[in-house]
Amino acid sequence: MGTMDIGMIGMGVMGSNLALNMADHGFQVAAYNWTSDLTEHVLKEHPHKNLHGFFSLKEFLDSLKRPRRIMLMIAAGSPVDSVLSELVPLLESGDIVIDGGNSFFKDTQRRSRDFEEKGIHYFGVGVSGGESGARKGPSLMPGGNKEAYEAVRPVFEAIAAKAGDDPCCAYIGTDGAGHYVKMVHNGIEYADMQLIAESYLLLKYIGGFSSEKLSETYAQWNEGELKSFLIGITSTILRTKDEDGRPLVDKILDSAGQKGTGRWTSIAALEQGVNVSMITAACNARAMSNLMEERMKAKRSFQTSMEDTALPDNFVEMVRESLYVAKIMAYAQGFSLYRSASSTYGWCLDYGRIASIFRAGCIIQADFLGKITEAYQKNPDLPNLMEDTYFRGNIAKYAKSLRRILSLAMLRGIPVPAMANALSYLDSFCCEEIGASLIQAQRDYFGAHTFRRKDKDGIFHHIWQK
């Protein structure tokens with residue numbers, strides 16, 4: 001009879017740190033990796049009385065209490081299917097398999113259906129917080145069978161980050177809900193990071209700020225309504241020196257990578273018919289950043305006209321206000337996508353609870369999220385986050401700064417795609433006419449796609465050319 005409380009497959013950075021986190025909280029953890037060297041390394045470097053290594057899959061599974069709880073922390077995609085194909089023949093009805101990687105939510109839905117037919121519970125769990133979060137307390141987004149969740153809830157709530165006394169972990173919904181929520185979390189993260197990068201460009205190249213002054217500015221912002229993990233680390237990054245005493249960030253290649261979750265968010269939004277233009281802009285900005293050679297050639301070839309306009313006296317405050325109001329739009333887009341998915345996939349997502357579990361442990365953790373939680377507590381059916389009283393008031397206060405900063409950026413040739421899309425989203429959301437009537441007329445002209453009228457009921461088609 002097995003004695004281990006839970007098993008972890010995958011002894012890479014995330015898997016080993018989560019396993020140690022579980023062990024810290026008194027759970028007997030079985031550790032297994034397809035290649036034994038990683039397991040041996042973790043046991044040697046981090047000996048723990050509650051962490052036990054196993055070097056064959058059968059011994060690993062035999063060590064677990066019934067029903068068995070098995071968590072996978074391995075690369076998304078085909079590696080997960082490969083591991084599951086070897087695991088399934090050894091499992092029994094009632095066992096619980098947990099995928100904690102960044103799997104695509106539709107893959108999780110497929111796997112959930114396959115496992116349900118075998119009587120095995122399959123969970124897709126979003127895990128946010130990186131290496132440090134995994135070790136000290138991540139934000140967790142579990143999706144799967146609601147009744148079976150009770151068997152894993154004690155482990156998840158124990159290891160999760162805490163916002164006060166509240167674990168940053170909540171049951172999200174069935175099948176792929178957990179991985180979907182994590183996917184959109186990452187999409188919001190892309191937009192948030194891009195906005196901060198744009199504020200950095202504005203302060204550095206228009207404001208002429210040194211790295212020291214930049215660091216001080218972000219540190220000050222981190223004491224106010226922009227307080228967040230990302231603003232905090234930005235201040236730290238900007239004051240970090242290389243061996244020669246120069247700012248390390250200035251020596252980092254201006255090229256950013258991406259692993260796909262932001263792109264998945266953008267694709268899902270297109271499929272669901274939801275505007276997440278800021279997330280898409282952030283993905284496009286990273287793609288553009290990788291065109292290093294083309295950008296250098298274009299800098300030499302294109303002589304675009306720019307205006308050296310005077311800076312307003314309150315320039316720094318205007319950048320801060322622009323960043324904050326654009327951040328509101330980014331989260332409004334992300335939560336609109338959650339709202340659409342909840343209906344599309346029948347998940348009944350609790351938007352306020354989702355915001356609350358992002359308050360600690362994850363990359364987008366911020367005081368700001370408390371305001372989002374409050375907004376959805378007041379009105380769980382809030383159509384768009386911008387319509388909440390608090391956020392509507394801040395948009396009214398700060399939108400003028402965003403307009404002026406965007407004008408300044410464009411006159412000076414500073415790329416600010418996420419901020420520009422924020423303003424476009426706001427203007428489109430608040431505008432009675434956005435040109436769609438002409439587009440629909442064009443569609444009817446060349447394709448007989450029909451149209452509706454303002455003054456009559458029904459569907460119409462017009463013979464535009466006699």
# chains A, B, ... in the order shown; residues from 1 in each chain; ligands from 1
call {"tool": "residues_around", "arguments": {"residues": "range 200-215 of chain A", "least_positions_apart": "4", "cutoff": "10 Å", "atoms": "only C-alpha atoms", "output": "ChimeraX atom specification"}}
result
/A:194-196,219-221,231-241,246-250,308-311,315-316,319,405-406,408-409,412-416
call {"tool": "write_last_selection", "arguments": {"atoms": "C-alpha atoms", "output": "PDB file, in the first residue's frame"}}
result
ATOM      1  CA  GLN A 194       4.679  46.224 -23.189  1.00  0.00           C
ATOM      2  CA  LEU A 195       3.015  49.243 -21.569  1.00  0.00           C
ATOM      3  CA  ILE A 196       5.821  49.499 -19.020  1.00  0.00           C
ATOM      4  CA  ALA A 219      10.298  53.031  -7.376  1.00  0.00           C
ATOM      5  CA  GLN A 220       8.148  56.091  -6.637  1.00  0.00           C
ATOM      6  CA  TRP A 221       5.368  54.802  -8.874  1.00  0.00           C
ATOM      7  CA  ILE A 231       6.801  47.927 -11.679  1.00  0.00           C
ATOM      8  CA  GLY A 232       8.915  46.830  -8.706  1.00  0.00           C
ATOM      9  CA  ILE A 233      11.249  44.627 -10.728  1.00  0.00           C
ATOM     10  CA  THR A 234      11.519  47.323 -13.400  1.00  0.00           C
ATOM     11  CA  SER A 235      13.002  49.669 -10.797  1.00  0.00           C
ATOM     12  CA  THR A 236      15.443  46.949  -9.703  1.00  0.00           C
ATOM     13  CA  ILE A 237      16.465  46.125 -13.281  1.00  0.00           C
ATOM     14  CA  LEU A 238      17.156  49.771 -14.130  1.00  0.00           C
ATOM     15  CA  ARG A 239      19.493  50.294 -11.181  1.00  0.00           C
ATOM     16  CA  THR A 240      21.462  47.083 -11.802  1.00  0.00           C
ATOM     17  CA  LYS A 241      25.007  47.686 -13.088  1.00  0.00           C
ATOM     18  CA  ARG A 246      27.255  50.765 -16.724  1.00  0.00           C
ATOM     19  CA  PRO A 247      23.523  49.870 -16.665  1.00  0.00           C
ATOM     20  CA  LEU A 248      23.129  46.184 -17.521  1.00  0.00           C
ATOM     21  CA  VAL A 249      19.824  46.762 -19.336  1.00  0.00           C
ATOM     22  CA  ASP A 250      21.640  48.962 -21.878  1.00  0.00           C
ATOM     23  CA  ASP A 308      11.118  68.370 -31.542  1.00  0.00           C
ATOM     24  CA  THR A 309       8.173  69.627 -29.512  1.00  0.00           C
ATOM     25  CA  ALA A 310       8.556  71.105 -26.029  1.00  0.00           C
ATOM     26  CA  LEU A 311       7.851  68.903 -23.030  1.00  0.00           C
ATOM     27  CA  PHE A 315       5.565  65.206 -18.374  1.00  0.00           C
ATOM     28  CA  VAL A 316       6.482  62.462 -15.856  1.00  0.00           C
ATOM     29  CA  VAL A 319       3.393  59.288 -18.501  1.00  0.00           C
ATOM     30  CA  ILE A 405       1.487  61.552 -24.497  1.00  0.00           C
ATOM     31  CA  LEU A 406       0.541  59.608 -27.627  1.00  0.00           C
ATOM     32  CA  LEU A 408       4.094  63.586 -28.284  1.00  0.00           C
ATOM     33  CA  ALA A 409       5.356  60.031 -28.890  1.00  0.00           C
ATOM     34  CA  ARG A 412       9.028  62.230 -31.744  1.00  0.00           C
ATOM     35  CA  GLY A 413       8.960  58.825 -33.469  1.00  0.00           C
ATOM     36  CA  ILE A 414       8.708  56.705 -30.308  1.00  0.00           C
ATOM     37  CA  PRO A 415       6.816  53.408 -30.923  1.00  0.00           C
ATOM     38  CA  VAL A 416       3.956  53.007 -28.431  1.00  0.00           C
TER      39      VAL A 416
END
call {"tool": "residues_around", "arguments": {"residues": "range 133-136 of chain A", "least_positions_apart": "3", "cutoff": "6 Å", "atoms": "only C-alpha atoms", "output": "list in words"}}
result
Asn17, Leu18, Asn21, Gly129, Gly130 and Gly361 of chain A
call {"tool": "closest_residue", "arguments": {"among": "A:Asp175, A:Asp166, A:Asp244, A:Glu294", "to": "Arg113 in chain A", "atoms": "only C-alpha atoms"}}
result
A:Asp175
call {"tool": "residues_around", "arguments": {"residues": "Arg110 in chain A", "least_positions_apart": "5", "cutoff": "12 Å", "atoms": "only C-alpha atoms", "output": "list in words"}}
result
Asp81, Ser103, Phe104, Phe105, Phe115, Glu116, Glu117, Tyr122, Phe123, Gly124, Asp175 and Gly176 of chain A
call {"tool": "residues_around", "arguments": {"residues": "Asn102 in chain A", "least_positions_apart": "6", "cutoff": "10 Å", "atoms": "only C-alpha atoms", "output": "PyMOL selection string"}}
result
chain A and resi 73-77+124-128+179-180+182-183+186+259-261
call {"tool": "select_by_dssp", "arguments": {"residues": "range 100-334 of chain A", "states": "strand (DSSP E or B)", "output": "JSON, numbers by chain"}}
result
{"A": [121, 122, 123, 124, 125, 126, 127, 128, 139, 140, 141, 142, 143, 162, 163, 166, 167, 169, 173, 228, 241, 247]}
call {"tool": "atom_distance", "arguments": {"atom1": "CA of Gly257 in chain A", "atom2": "CA of Arg295 in chain A"}}
result
16.6 Å
call {"tool": "residues_around", "arguments": {"residues": "Ser228 in chain A", "least_positions_apart": "3", "cutoff": "8 Å", "atoms": "only C-alpha atoms", "output": "PyMOL selection string"}}
result
chain A and resi 222+231-232+364-368
call {"tool": "write_last_selection", "arguments": {"atoms": "N, CA, C and O atoms", "output": "tab-separated table (two decimals), in the first residue's frame"}}
result
chain	number	residue	atom	x	y	z
A	222	ASN	N	5.87	52.75	-7.70
A	222	ASN	CA	5.53	51.51	-7.00
A	222	ASN	C	5.00	51.76	-5.58
A	222	ASN	O	4.58	50.83	-4.91
A	231	ILE	N	6.22	46.60	-11.89
A	231	ILE	CA	6.80	47.93	-11.68
A	231	ILE	C	7.98	47.82	-10.71
A	231	ILE	O	9.03	48.46	-10.91
A	232	GLY	N	7.85	47.01	-9.68
A	232	GLY	CA	8.92	46.83	-8.71
A	232	GLY	C	10.18	46.27	-9.32
A	232	GLY	O	11.29	46.77	-9.07
A	364	ILE	N	1.46	39.13	-12.71
A	364	ILE	CA	0.71	40.39	-12.81
A	364	ILE	C	0.16	40.84	-11.46
A	364	ILE	O	-0.72	41.71	-11.39
A	365	GLN	N	0.66	40.27	-10.37
A	365	GLN	CA	0.19	40.66	-9.04
A	365	GLN	C	0.34	42.17	-8.86
A	365	GLN	O	1.37	42.75	-9.18
A	366	ALA	N	-0.73	42.79	-8.35
A	366	ALA	CA	-0.75	44.24	-8.22
A	366	ALA	C	-1.88	44.65	-7.29
A	366	ALA	O	-2.90	43.96	-7.19
A	367	ASP	N	-1.70	45.79	-6.62
A	367	ASP	CA	-2.78	46.33	-5.79
A	367	ASP	C	-4.02	46.58	-6.62
A	367	ASP	O	-5.15	46.46	-6.15
A	368	PHE	N	-3.81	46.95	-7.87
A	368	PHE	CA	-4.86	47.21	-8.86
A	368	PHE	C	-5.90	46.10	-8.90
A	368	PHE	O	-7.09	46.35	-9.11
call {"tool": "closest_residue", "arguments": {"among": "A:Cys169, A:Val13, A:Ala191, A:Met288", "to": "Gly334 in chain A", "atoms": "only C-alpha atoms"}}
result
A:Ala191
call {"tool": "closest_residue", "arguments": {"among": "A:Asn275, A:Asn284, A:Thr373, A:Ser63", "to": "Gln258 in chain A", "atoms": "only C-alpha atoms"}}
result
A:Asn284
call {"tool": "residues_around", "arguments": {"residues": "Val97 in chain A", "least_positions_apart": "2", "cutoff": "10 Å", "atoms": "only C-alpha atoms", "output": "PyMOL selection string"}}
result
chain A and resi 7+68-72+84+87-88+91+94-95+99-100+112+115+120-124
call {"tool": "write_last_selection", "arguments": {"atoms": "C-alpha atoms", "output": "compact mmCIF listing (two decimals), in the first residue's frame"}}
result
# COMPACT_ATOMS: atom_id res chain seq x y z
CA GLY A 7 3.60 12.42 -6.98
CA ARG A 68 -3.40 8.46 -6.65
CA ARG A 69 -2.68 12.14 -7.18
CA ILE A 70 -0.09 12.68 -9.92
CA MET A 71 1.09 16.09 -11.10
CA LEU A 72 2.97 16.67 -14.36
CA LEU A 84 0.23 10.26 -20.66
CA LEU A 87 0.97 6.58 -17.70
CA VAL A 88 -2.60 5.64 -18.63
CA LEU A 91 -3.71 4.04 -13.78
CA GLY A 94 -10.60 7.38 -9.58
CA ASP A 95 -6.95 8.37 -9.97
CA ASP A 99 -1.13 18.94 -15.81
CA GLY A 100 0.54 22.02 -14.32
CA SER A 112 -10.17 15.55 -20.11
CA PHE A 115 -9.64 10.42 -19.32
CA ILE A 120 -9.80 8.95 -14.40
CA HIS A 121 -9.95 12.62 -13.36
CA TYR A 122 -7.85 15.03 -15.40
CA PHE A 123 -7.00 18.53 -14.19
CA GLY A 124 -5.45 21.36 -16.15
call {"tool": "select_by_dssp", "arguments": {"residues": "range 66-135 of chain A", "states": "helix (DSSP H, G or I)", "output": "JSON, numbers by chain"}}
result
{"A": [78, 79, 80, 81, 82, 83, 84, 85, 86, 87, 88, 89, 90, 105, 106, 107, 108, 109, 110, 111, 112, 113, 114, 115, 116, 117, 130, 131, 132, 133, 134, 135]}
call {"tool": "atom_distance", "arguments": {"atom1": "CA of Asp107 in chain A", "atom2": "CA of Ser36 in chain A"}}
result
27.6 Å
call {"tool": "closest_residue", "arguments": {"among": "A:Gly245, A:Ile363, A:Glu40, A:Met4", "to": "Leu61 in chain A", "atoms": "only C-alpha atoms"}}
result
A:Met4
call {"tool": "residues_around", "arguments": {"residues": "range 151-160 of chain A", "least_positions_apart": "5", "cutoff": "6 Å", "atoms": "only C-alpha atoms", "output": "VMD selection string"}}
result
chain A and resid 137 to 139 167 to 168
call {"tool": "atom_distance", "arguments": {"atom1": "CA of Gly178 in chain A", "atom2": "CA of Glu225 in chain A"}}
result
28.5 Å
call {"tool": "closest_residue", "arguments": {"among": "A:Glu271, A:Ala418, A:Met292, A:Ser82", "to": "Asp192 in chain A", "atoms": "only C-alpha atoms"}}
result
A:Ala418
call {"tool": "decode", "arguments": {"residues": "range 345-432 of chain A", "atoms": "C-alpha atoms", "output": "PDB file, in the first residue's frame"}}
result
ATOM      1  CA  TYR A 345     -17.520  26.963 -22.964  1.00  0.00           C
ATOM      2  CA  GLY A 346     -20.112  26.867 -20.164  1.00  0.00           C
ATOM      3  CA  TRP A 347     -17.584  27.495 -17.394  1.00  0.00           C
ATOM      4  CA  CYS A 348     -19.496  30.051 -15.256  1.00  0.00           C
ATOM      5  CA  LEU A 349     -16.267  31.873 -14.415  1.00  0.00           C
ATOM      6  CA  ASP A 350     -16.132  33.959 -11.239  1.00  0.00           C
ATOM      7  CA  TYR A 351     -14.320  37.081 -12.471  1.00  0.00           C
ATOM      8  CA  GLY A 352     -13.915  38.642  -9.036  1.00  0.00           C
ATOM      9  CA  ARG A 353     -12.387  35.452  -7.652  1.00  0.00           C
ATOM     10  CA  ILE A 354     -10.050  35.196 -10.637  1.00  0.00           C
ATOM     11  CA  ALA A 355      -8.811  38.735  -9.971  1.00  0.00           C
ATOM     12  CA  SER A 356      -8.374  37.920  -6.278  1.00  0.00           C
ATOM     13  CA  ILE A 357      -6.079  34.936  -6.910  1.00  0.00           C
ATOM     14  CA  PHE A 358      -3.852  37.170  -9.056  1.00  0.00           C
ATOM     15  CA  ARG A 359      -3.140  39.453  -6.060  1.00  0.00           C
ATOM     16  CA  ALA A 360      -0.074  37.444  -4.985  1.00  0.00           C
ATOM     17  CA  GLY A 361       2.225  34.767  -6.355  1.00  0.00           C
ATOM     18  CA  CYS A 362       1.770  35.556 -10.047  1.00  0.00           C
ATOM     19  CA  ILE A 363       3.550  37.863 -12.483  1.00  0.00           C
ATOM     20  CA  ILE A 364       0.712  40.386 -12.813  1.00  0.00           C
ATOM     21  CA  GLN A 365       0.186  40.664  -9.042  1.00  0.00           C
ATOM     22  CA  ALA A 366      -0.747  44.242  -8.219  1.00  0.00           C
ATOM     23  CA  ASP A 367      -2.776  46.328  -5.791  1.00  0.00           C
ATOM     24  CA  PHE A 368      -4.857  47.210  -8.861  1.00  0.00           C
ATOM     25  CA  LEU A 369      -6.373  43.713  -8.803  1.00  0.00           C
ATOM     26  CA  GLY A 370      -8.112  44.433  -5.516  1.00  0.00           C
ATOM     27  CA  LYS A 371     -10.115  47.102  -7.350  1.00  0.00           C
ATOM     28  CA  ILE A 372     -11.086  44.574 -10.031  1.00  0.00           C
ATOM     29  CA  THR A 373     -12.243  42.130  -7.349  1.00  0.00           C
ATOM     30  CA  GLU A 374     -14.346  44.872  -5.765  1.00  0.00           C
ATOM     31  CA  ALA A 375     -15.846  45.791  -9.139  1.00  0.00           C
ATOM     32  CA  TYR A 376     -17.081  42.254  -9.785  1.00  0.00           C
ATOM     33  CA  GLN A 377     -18.240  41.794  -6.200  1.00  0.00           C
ATOM     34  CA  LYS A 378     -20.460  44.843  -6.669  1.00  0.00           C
ATOM     35  CA  ASN A 379     -21.687  43.647 -10.064  1.00  0.00           C
ATOM     36  CA  PRO A 380     -20.861  40.048 -11.087  1.00  0.00           C
ATOM     37  CA  ASP A 381     -22.496  40.722 -14.480  1.00  0.00           C
ATOM     38  CA  LEU A 382     -20.435  43.836 -15.239  1.00  0.00           C
ATOM     39  CA  PRO A 383     -20.297  43.895 -19.079  1.00  0.00           C
ATOM     40  CA  ASN A 384     -16.933  45.659 -19.258  1.00  0.00           C
ATOM     41  CA  LEU A 385     -14.499  46.609 -16.513  1.00  0.00           C
ATOM     42  CA  MET A 386     -14.366  50.190 -17.822  1.00  0.00           C
ATOM     43  CA  GLU A 387     -18.011  50.626 -16.803  1.00  0.00           C
ATOM     44  CA  ASP A 388     -17.252  50.187 -13.092  1.00  0.00           C
ATOM     45  CA  THR A 389     -17.518  53.454 -11.154  1.00  0.00           C
ATOM     46  CA  TYR A 390     -13.902  53.404  -9.935  1.00  0.00           C
ATOM     47  CA  PHE A 391     -12.358  52.646 -13.318  1.00  0.00           C
ATOM     48  CA  ARG A 392     -14.715  54.972 -15.190  1.00  0.00           C
ATOM     49  CA  GLY A 393     -13.635  57.784 -12.864  1.00  0.00           C
ATOM     50  CA  ASN A 394      -9.939  57.115 -13.445  1.00  0.00           C
ATOM     51  CA  ILE A 395     -10.438  56.970 -17.199  1.00  0.00           C
ATOM     52  CA  ALA A 396     -12.146  60.361 -17.048  1.00  0.00           C
ATOM     53  CA  LYS A 397      -9.203  61.750 -15.011  1.00  0.00           C
ATOM     54  CA  TYR A 398      -6.328  60.297 -17.025  1.00  0.00           C
ATOM     55  CA  ALA A 399      -7.480  59.869 -20.645  1.00  0.00           C
ATOM     56  CA  LYS A 400      -6.401  63.417 -21.527  1.00  0.00           C
ATOM     57  CA  SER A 401      -2.827  62.580 -20.480  1.00  0.00           C
ATOM     58  CA  LEU A 402      -2.877  59.486 -22.677  1.00  0.00           C
ATOM     59  CA  ARG A 403      -3.966  61.550 -25.686  1.00  0.00           C
ATOM     60  CA  ARG A 404      -1.239  64.128 -25.136  1.00  0.00           C
ATOM     61  CA  ILE A 405       1.487  61.552 -24.497  1.00  0.00           C
ATOM     62  CA  LEU A 406       0.541  59.608 -27.627  1.00  0.00           C
ATOM     63  CA  SER A 407       0.652  62.811 -29.682  1.00  0.00           C
ATOM     64  CA  LEU A 408       4.094  63.586 -28.284  1.00  0.00           C
ATOM     65  CA  ALA A 409       5.356  60.031 -28.890  1.00  0.00           C
ATOM     66  CA  MET A 410       4.206  60.029 -32.499  1.00  0.00           C
ATOM     67  CA  LEU A 411       5.706  63.441 -33.221  1.00  0.00           C
ATOM     68  CA  ARG A 412       9.028  62.230 -31.744  1.00  0.00           C
ATOM     69  CA  GLY A 413       8.960  58.825 -33.469  1.00  0.00           C
ATOM     70  CA  ILE A 414       8.708  56.705 -30.308  1.00  0.00           C
ATOM     71  CA  PRO A 415       6.816  53.408 -30.923  1.00  0.00           C
ATOM     72  CA  VAL A 416       3.956  53.007 -28.431  1.00  0.00           C
ATOM     73  CA  PRO A 417       1.675  50.358 -30.004  1.00  0.00           C
ATOM     74  CA  ALA A 418       0.015  49.134 -26.803  1.00  0.00           C
ATOM     75  CA  MET A 419      -0.785  52.642 -25.538  1.00  0.00           C
ATOM     76  CA  ALA A 420      -2.081  53.592 -28.995  1.00  0.00           C
ATOM     77  CA  ASN A 421      -4.366  50.564 -29.029  1.00  0.00           C
ATOM     78  CA  ALA A 422      -5.555  51.433 -25.530  1.00  0.00           C
ATOM     79  CA  LEU A 423      -6.799  54.816 -26.701  1.00  0.00           C
ATOM     80  CA  SER A 424      -8.275  53.323 -29.868  1.00  0.00           C
ATOM     81  CA  TYR A 425     -10.127  50.752 -27.766  1.00  0.00           C
ATOM     82  CA  LEU A 426     -11.495  53.463 -25.480  1.00  0.00           C
ATOM     83  CA  ASP A 427     -12.565  55.693 -28.364  1.00  0.00           C
ATOM     84  CA  SER A 428     -14.202  52.785 -30.210  1.00  0.00           C
ATOM     85  CA  PHE A 429     -16.002  51.672 -27.047  1.00  0.00           C
ATOM     86  CA  CYS A 430     -17.360  55.177 -26.425  1.00  0.00           C
ATOM     87  CA  CYS A 431     -18.108  56.185 -30.034  1.00  0.00           C
ATOM     88  CA  GLU A 432     -21.633  56.074 -31.482  1.00  0.00           C
TER      89      GLU A 432
END
